[in-house]
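Quick look at structure_15.cif (mmCIF, C-alpha atoms):
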data_coords
#
loop_
_atom_site.label_atom_id
_atom_site.label_comp_id
_atom_site.auth_asym_id
_atom_site.auth_seq_id
_atom_site.Cartn_x
_atom_site.Cartn_y
_atom_site.Cartn_z
CA MET A 1 0.00 0.00 0.00
CA THR A 2 2.78 2.42 0.92
CA LEU A 3 4.72 1.45 -2.19
CA PHE A 4 1.66 2.03 -4.35
CA ALA A 5 1.10 5.41 -2.71
CA GLU A 6 4.71 6.37 -3.26
CA ILE A 7 4.57 5.40 -6.94
CA LEU A 8 1.39 7.45 -7.40
CA ILE A 9 2.91 10.49 -5.67
CA ALA A 10 6.12 10.16 -7.67
CA PHE A 11 4.10 9.96 -10.88
CA PHE A 12 2.34 13.26 -10.19
CA LEU A 13 5.62 14.92 -9.22
CA VAL A 14 7.29 13.78 -12.44
CA VAL A 15 4.34 14.91 -14.58
CA SER A 16 4.36 18.34 -12.96
CA GLY A 17 8.12 18.59 -13.40
CA ILE A 18 7.85 17.83 -17.11
CA PHE A 19 5.10 20.39 -17.66
CA GLY A 20 6.97 23.03 -15.67
CA LEU A 21 10.05 22.42 -17.78
CA VAL A 22 8.12 22.56 -21.06
CA GLY A 23 6.43 25.80 -19.97
CA SER A 24 9.78 27.40 -19.23
CA PHE A 25 11.27 26.05 -22.46
CA GLY A 26 8.36 27.67 -24.32
CA LEU A 27 9.50 31.05 -23.05
CA ILE A 28 12.82 30.56 -24.83
CA LYS A 29 11.51 28.91 -27.98
CA LEU A 30 8.50 30.97 -28.96
CA GLY A 31 9.18 34.12 -30.91
CA GLU A 32 6.70 36.87 -30.07
CA THR A 33 5.52 38.22 -26.75
CA MET A 34 1.93 37.18 -27.40
CA GLN A 35 3.05 33.63 -28.20
CA ARG A 36 5.33 33.47 -25.18
CA LEU A 37 2.37 34.40 -23.02
CA HIS A 38 0.74 31.05 -23.86
CA ALA A 39 3.52 28.95 -22.38
CA PRO A 40 3.35 30.00 -18.71
CA THR A 41 -0.45 30.35 -18.54
CA LYS A 42 -1.04 26.79 -19.75
CA ALA A 43 1.88 24.54 -19.19
CA THR A 44 2.29 25.67 -15.61
CA THR A 45 -1.31 25.15 -14.44
CA VAL A 46 -0.82 21.37 -14.76
CA GLY A 47 2.76 21.82 -13.52
CA VAL A 48 1.62 23.40 -10.29
CA GLY A 49 -1.53 21.24 -10.17
CA GLY A 50 0.53 18.05 -10.25
CA VAL A 51 2.62 19.12 -7.24
CA LEU A 52 -0.55 20.03 -5.35
CA ILE A 53 -2.21 16.68 -6.09
CA ALA A 54 0.99 14.88 -5.05
CA SER A 55 1.06 16.89 -1.83
CA MET A 56 -2.59 16.09 -1.03
CA LEU A 57 -1.99 12.40 -1.72
CA TYR A 58 1.11 12.43 0.47
CA PHE A 59 -0.74 13.87 3.46
CA LEU A 60 -3.76 11.63 2.87
CA LEU A 61 -2.05 8.28 2.21
CA ILE A 62 1.18 8.53 4.17
CA GLU A 63 0.58 11.00 7.01
CA GLY A 64 -3.07 10.03 7.25
CA ASN A 65 -4.72 13.45 7.46
CA LEU A 66 -6.61 15.47 4.90
CA SER A 67 -5.05 18.80 3.85
CA PHE A 68 -7.08 21.62 2.31
CA HIS A 69 -4.31 24.12 1.63
CA GLU A 70 -3.70 22.64 -1.81
CA LEU A 71 -7.30 23.25 -2.88
CA LEU A 72 -7.00 26.88 -1.83
CA ILE A 73 -3.72 27.28 -3.71
CA THR A 74 -5.45 25.87 -6.82
CA LEU A 75 -8.34 28.29 -6.38
CA PHE A 76 -6.07 31.32 -5.94
CA LEU A 77 -3.91 30.22 -8.88
CA PHE A 78 -6.93 29.94 -11.17
CA LEU A 79 -8.10 33.38 -10.05
CA THR A 80 -4.74 35.12 -10.55
CA ALA A 81 -3.14 33.41 -13.58
CA PRO A 82 -5.64 34.70 -16.20
CA ILE A 83 -5.55 38.21 -14.74
CA THR A 84 -1.76 38.41 -14.93
CA ALA A 85 -1.84 37.13 -18.52
CA ASN A 86 -4.53 39.69 -19.34
CA PHE A 87 -2.45 42.56 -17.91
CA VAL A 88 0.65 41.50 -19.85
CA ALA A 89 -1.37 41.12 -23.06
CA LYS A 90 -3.06 44.50 -22.69
CA THR A 91 0.20 46.28 -21.94
CA TYR A 92 1.81 44.64 -24.97
CA VAL A 93 -1.04 45.63 -27.27
CA ALA A 94 -1.12 49.19 -25.94
CA ARG A 95 2.63 49.70 -26.38
CA HIS A 96 3.48 47.76 -29.52
CA LEU A 97 0.41 47.38 -31.72
CA LYS A 98 -1.62 49.90 -33.65
CA ARG A 99 -5.34 49.94 -34.22
CA HIS A 100 -5.00 48.35 -37.68
CA ASP A 101 -2.97 45.38 -36.34
CA LEU A 102 -6.07 44.04 -34.60
CA PRO A 103 -9.19 42.63 -36.27
CA GLU A 104 -12.47 44.56 -36.34
CA THR A 105 -14.64 44.42 -33.24
CA GLY A 106 -17.77 43.88 -35.29
CA ARG A 107 -19.43 46.54 -33.11
CA ALA A 108 -20.00 50.28 -33.28
CA HIS A 109 -17.09 50.83 -30.88
CA GLY A 110 -13.41 49.92 -31.18
CA TRP A 111 -11.29 47.94 -28.72
CA SER A 112 -11.27 49.44 -25.25
CA ILE A 113 -7.48 49.92 -25.36
CA TYR A 114 -7.93 52.61 -28.05
CA ASP A 115 -11.52 53.78 -27.61
CA ASP A 116 -13.39 55.22 -24.68
CA PRO A 117 -16.48 53.37 -23.50
CA PRO A 118 -19.81 54.82 -24.58
CA GLY A 119 -20.89 57.46 -22.05
CA ARG A 120 -23.76 56.85 -19.68
CA SER A 121 -25.69 59.75 -21.15
CA GLU A 122 -25.50 58.24 -24.63
CA ASP A 123 -26.80 54.93 -23.35
CA GLU A 124 -30.00 56.27 -21.91
CA MET B 125 -35.23 38.33 8.07
CA PHE B 126 -33.02 35.63 6.57
CA ALA B 127 -32.27 37.76 3.52
CA ARG B 128 -31.28 40.67 5.77
CA LEU B 129 -29.04 38.54 7.94
CA VAL B 130 -27.42 36.65 5.06
CA PRO B 131 -27.53 39.01 2.07
CA HIS B 132 -25.29 36.79 -0.03
CA PRO B 133 -25.49 33.11 1.00
CA ILE B 134 -22.95 31.83 -1.56
CA LEU B 135 -20.38 34.42 -0.48
CA SER B 136 -20.99 33.47 3.17
CA LEU B 137 -20.49 29.79 2.41
CA THR B 138 -17.35 30.50 0.36
CA LEU B 139 -15.85 32.61 3.15
CA ALA B 140 -16.54 29.93 5.75
CA ILE B 141 -15.03 27.19 3.54
CA VAL B 142 -11.96 29.28 2.67
CA TRP B 143 -11.45 30.03 6.36
CA LEU B 144 -11.63 26.31 7.25
CA GLY B 145 -9.21 25.57 4.40
CA LEU B 146 -6.77 28.20 5.65
CA VAL B 147 -6.69 26.91 9.24
CA ASN B 148 -6.62 23.37 7.79
CA LYS B 149 -8.28 21.81 10.85
CA ILE B 150 -11.99 21.24 11.35
CA THR B 151 -12.76 21.89 15.03
CA PRO B 152 -16.01 23.30 16.48
CA GLY B 153 -14.19 26.56 17.30
CA ASN B 154 -12.94 26.98 13.74
CA VAL B 155 -16.35 26.18 12.26
CA LEU B 156 -17.89 28.78 14.56
CA LEU B 157 -15.31 31.42 13.64
CA GLY B 158 -15.68 30.60 9.92
CA GLY B 159 -19.46 30.88 10.20
CA LEU B 160 -19.08 34.20 11.99
CA LEU B 161 -16.79 35.54 9.24
CA GLY B 162 -19.27 34.34 6.64
CA LEU B 163 -21.98 36.27 8.46
CA VAL B 164 -20.15 39.52 9.23
CA VAL B 165 -18.09 40.13 6.06
CA PRO B 166 -21.05 40.05 3.60
CA MET B 167 -23.03 42.29 5.95
CA LEU B 168 -20.26 44.89 6.13
CA THR B 169 -19.60 44.79 2.38
CA SER B 170 -23.16 44.44 1.04
CA ALA B 171 -23.30 48.21 0.45
CA TYR B 172 -20.58 47.82 -2.19
CA TRP B 173 -22.50 45.10 -4.06
CA PRO B 174 -25.58 46.89 -5.35
CA ASN B 175 -26.16 44.45 -8.22
CA ARG B 176 -24.83 41.18 -6.96
CA PRO B 177 -24.88 38.39 -9.51
CA THR B 178 -27.22 35.48 -8.94
CA LEU B 179 -26.32 31.89 -9.70
CA ARG B 180 -29.39 30.72 -11.53
CA ASN B 181 -28.28 27.18 -12.11
CA PRO B 182 -25.78 25.76 -9.56
CA GLY B 183 -25.78 22.27 -11.16
CA MET B 184 -24.74 23.82 -14.47
CA ALA B 185 -22.02 25.79 -12.66
CA LEU B 186 -20.60 22.56 -11.26
CA SER B 187 -20.59 20.81 -14.64
CA TYR B 188 -19.00 23.95 -16.14
CA ILE B 189 -16.15 23.75 -13.60
CA LEU B 190 -15.56 20.05 -14.38
CA ILE B 191 -15.55 20.69 -18.14
CA VAL B 192 -13.06 23.54 -17.71
CA LEU B 193 -10.78 21.42 -15.49
CA TRP B 194 -10.78 18.69 -18.13
CA ASP B 195 -10.11 21.21 -20.90
CA ILE B 196 -7.18 22.65 -18.92
CA VAL B 197 -5.51 19.23 -18.82
CA VAL B 198 -6.11 18.73 -22.56
CA ALA B 199 -4.90 22.28 -23.27
CA ASN B 200 -1.69 21.65 -21.38
CA VAL B 201 -0.87 18.59 -23.45
CA GLU B 202 -1.73 20.39 -26.71
CA VAL B 203 0.34 23.46 -25.88
CA ALA B 204 3.24 21.31 -24.64
CA LEU B 205 3.24 19.37 -27.94
CA ILE B 206 3.18 22.61 -29.93
CA ILE B 207 6.08 24.02 -27.91
CA LEU B 208 8.16 20.87 -28.22
CA PHE B 209 7.57 19.72 -31.78
CA LYS B 210 6.31 22.58 -33.93
CA PRO B 211 8.99 24.62 -35.68
CA ARG B 212 8.61 28.32 -34.99
CA ALA B 213 7.88 29.13 -38.65
CA ALA B 214 4.95 26.69 -38.77
CA LEU B 215 3.13 28.44 -35.94
CA HIS B 216 0.10 30.33 -37.21
CA SER B 217 -0.81 32.70 -34.41
CA GLN B 218 -3.95 34.74 -34.99
CA TRP B 219 -6.28 37.22 -33.41
CA VAL B 220 -9.88 36.08 -33.11
CA THR B 221 -12.85 38.32 -32.38
CA VAL B 222 -15.53 36.66 -30.28
CA PRO B 223 -18.89 38.47 -30.30
CA LEU B 224 -20.45 38.22 -26.83
CA GLU B 225 -24.03 37.50 -25.91
CA LEU B 226 -23.22 37.65 -22.20
CA THR B 227 -23.90 41.00 -20.60
CA SER B 228 -23.18 40.68 -16.88
CA PRO B 229 -19.60 41.73 -15.98
CA GLU B 230 -19.16 38.69 -13.73
CA ALA B 231 -20.07 36.26 -16.50
CA ILE B 232 -17.74 37.99 -18.98
CA THR B 233 -14.92 37.87 -16.42
CA VAL B 234 -15.43 34.13 -15.94
CA LEU B 235 -15.51 33.58 -19.72
CA ALA B 236 -12.30 35.61 -20.25
CA GLY B 237 -10.55 33.71 -17.46
CA THR B 238 -11.68 30.38 -18.89
CA ILE B 239 -10.42 31.30 -22.36
CA THR B 240 -7.00 32.17 -20.95
CA LEU B 241 -6.77 28.89 -19.03
CA THR B 242 -7.83 26.64 -21.94
CA PRO B 243 -6.53 25.41 -25.34
CA GLY B 244 -3.93 27.78 -26.78
CA THR B 245 -5.99 30.93 -26.33
CA VAL B 246 -5.44 34.10 -24.28
CA SER B 247 -8.17 36.71 -23.93
CA THR B 248 -6.70 40.16 -24.42
CA THR B 249 -9.28 42.90 -24.30
CA LEU B 250 -12.92 43.85 -24.69
CA SER B 251 -14.42 46.24 -27.20
CA ALA B 252 -15.28 49.59 -25.62
CA ASP B 253 -18.97 48.67 -25.34
CA ALA B 254 -18.15 45.19 -23.91
CA GLY B 255 -19.85 43.57 -26.90
CA SER B 256 -16.94 41.49 -28.18
CA LEU B 257 -13.81 39.91 -26.85
CA LEU B 258 -10.36 39.87 -28.47
CA VAL B 259 -8.66 36.48 -28.19
CA HIS B 260 -5.13 35.57 -29.21
CA CYS B 261 -4.68 32.06 -30.58
CA LEU B 262 -1.29 30.35 -30.33
CA HIS B 263 -1.84 28.12 -33.33
CA THR B 264 -4.90 27.75 -35.54
CA ASP B 265 -5.79 27.51 -39.20
CA ASP B 266 -9.49 27.83 -38.45
CA PRO B 267 -10.24 31.05 -36.51
CA ASP B 268 -13.99 30.66 -37.08
CA GLY B 269 -13.87 27.19 -35.54
CA VAL B 270 -12.11 28.57 -32.45
CA ARG B 271 -14.76 31.27 -32.09
CA ASP B 272 -17.62 28.80 -32.48
CA ARG B 273 -16.03 26.43 -30.00
CA ILE B 274 -15.74 29.19 -27.37
CA LYS B 275 -19.35 30.22 -27.95
CA GLN B 276 -20.69 26.68 -28.01
CA ARG B 277 -18.72 25.14 -25.20
CA TYR B 278 -18.34 27.95 -22.69
CA GLU B 279 -20.57 30.91 -23.41
CA ARG B 280 -23.74 28.87 -23.87
CA ARG B 281 -23.23 27.24 -20.47
CA LEU B 282 -22.41 30.54 -18.77
CA MET B 283 -25.61 32.01 -20.21
CA GLU B 284 -27.51 29.30 -18.36
CA VAL B 285 -25.58 29.85 -15.13
CA PHE B 286 -25.72 33.64 -14.93
CA GLU B 287 -28.48 35.06 -17.14
#

Written as structure tokens, that's how I'd like the structure from this file.
Amino acid sequence: MTLFAEILIAFFLVVSGIFGLVGSFGLIKLGETMQRLHAPTKATTVGVGGVLIASMLYFLLIEGNLSFHELLITLFLFLTAPITANFVAKTYVARHLKRHDLPETGRAHGWSIYDDPPGRSEDE
Amino acid sequence: MFARLVPHPILSLTLAIVWLGLVNKITPGNVLLGGLLGLVVPMLTSAYWPNRPTLRNPGMALSYILIVLWDIVVANVEVALIILFKPRAALHSQWVTVPLELTSPEAITVLAGTITLTPGTVSTTLSADAGSLLVHCLHTDDPDGVRDRIKQRYERRLMEVFE
């Protein structure tokens, strides 16, 4: 039973290590900022997730008590990762791209990076 | 009376659960303190939530979370394969415009976060009237397919959860 638990935990640790490595490698390999942004937001969620699952399994199967910290870390990670990516992407677009580099919005207003939102008074 | 005392039941429950998770031990004292936090914090902050979102369909929300978790695992493998085996010149990165039917800010935030966490897409910005979303695709030859997939798989479910 302990051996089985150890193999399972080791498996999750190895998987997370591989994904963490690939995510970091992506930062070197990919060419543009927008492409590089994809590597850390994806490849590291499973990277971190694997360590967290391994940690939960370790405390559950070997120490014999349930640990909730990992679930909270997952929750906070899923809340913060997209927001960071969004900030980086917006900053990149605002500094390096022009209006005509982006596709049309298909709406009466342009992208919010270049255009002001419609005023309240216009709405009503 | 109940609505006055607990203006936002889901927030109360979340606070209590997060508190129990943080202390990492379920004892009567901790449950009591967590319950108290869940009661007091929403009461003190309810003034700042004039239009709080309502979860219309909790079952759908749960299945949405499971689908997204599954998609995140698939996305990781896809992106890892692209990073490892696709030569840089063969990468076709594109911008995709996704017209939105969702109107509530909370729902749009969830959709944008989901897009960033799942297959090779990062949501970048909204149009000024919040009517469409700009998404960057790491590799695709079928931008319309990506847009339809986002609308079909995620937005349709979020419509049922929030609106």

Using only C-alpha atoms, the best pick from A:Leu27, A:Ile53, A:Ile73, A:Ala39 as closest to Ala85 (chain A) would be A:Ala39

| request: Can you turn the PyMOL selection byres ((chain B and resi 246-250) around 7) into a concrete residue list for this file, as a PyMOL selection string? | output: (chain A and resi 38+86+89-90+111-112) or (chain B and resi 236+239-240+244-245+251-252+254+256-261)

The residue from A:Pro40, A:Asp101, A:Glu70, A:Gly26 with the smallest atom-to-atom distance to chain B, counting all atoms listed in the file, is A:Gly26

- [ ] Starting from the displayed file, determine the output of the PyMOL selection byres ((chain B and resi 186-198) around 10) and express the residue list as an MDAnalysis selection string.
- [x] (chainID A and resid 42:43 45:46 49) or (chainID B and resid 181:185 199:204 238:244 277:278 281:282 285)

- Task: Please identify all polymer residues lying at most 12 Å from the point (-1.7, 29.9, -7.7) (file coordinates), using only C-alpha atoms, and present the result as number ranges by chain.
- Result: A: 41, 44-49, 51-52, 69-84

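Distance annotation: of B:Leu137, B:Val165, B:Ala213, B:Leu179, the residue with the minimal separation from chain A is B:Ala213; atom set is all atoms listed in the file.
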
- request: Taking the file as shown, find all residues satisfying the PyMOL selection byres ((chain B and resi 223) around 8) and write them as a PyMOL selection string.
  value: (chain A and resi 105-106) or (chain B and resi 221-222+224-225+255-257)

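Residues within 9 Å of Phe68 (chain A), counting all atoms listed in the file and excluding same-chain residues fewer than 3 positions away, are A:Met56, A:Leu71, A:Leu72, A:Ile73, B:Leu144, B:Gly145, B:Leu146, B:Val147, B:Asn148, B:Lys149.
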
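You can rank B:Arg271, B:Pro229, B:Leu160, B:Asp266 by their closest distance to Ser136 (chain B) using only C-alpha atoms, and at the top of that list sits B:Leu160.
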
Shortest contact to Leu262 (chain B), candidates A:Met34, A:Phe25, A:Ala5, A:Phe12, atoms counted only C-alpha atoms, goes to A:Met34

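Across B:Arg180, B:His132, B:Arg280, B:His263, the tightest approach to Ser217 (chain B) is made by B:His263 when counting only C-alpha atoms.
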
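For the atom pair formed by CA of Thr264 (chain B) and CA of Ile206 (chain B), the distance is 11.1 Å, given to one decimal.
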
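For the pair CA of His96 (chain A) and CA of Asp253 (chain B), the separation is 22.9 Å.
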
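Excluding Leu97 (chain A) itself and any same-chain residue fewer than 5 positions from it, the protein and nucleic acid residues within 12 Å of it, counting all atoms listed in the file, are Thr33, Met34, Ala89, Lys90, Thr91, Tyr92, Leu102, Pro103, Ile113 and Tyr114 of chain A.
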
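Counting from CA of Lys98 (chain A), the distance to CA of Asp268 (chain B) is 23.1 Å.
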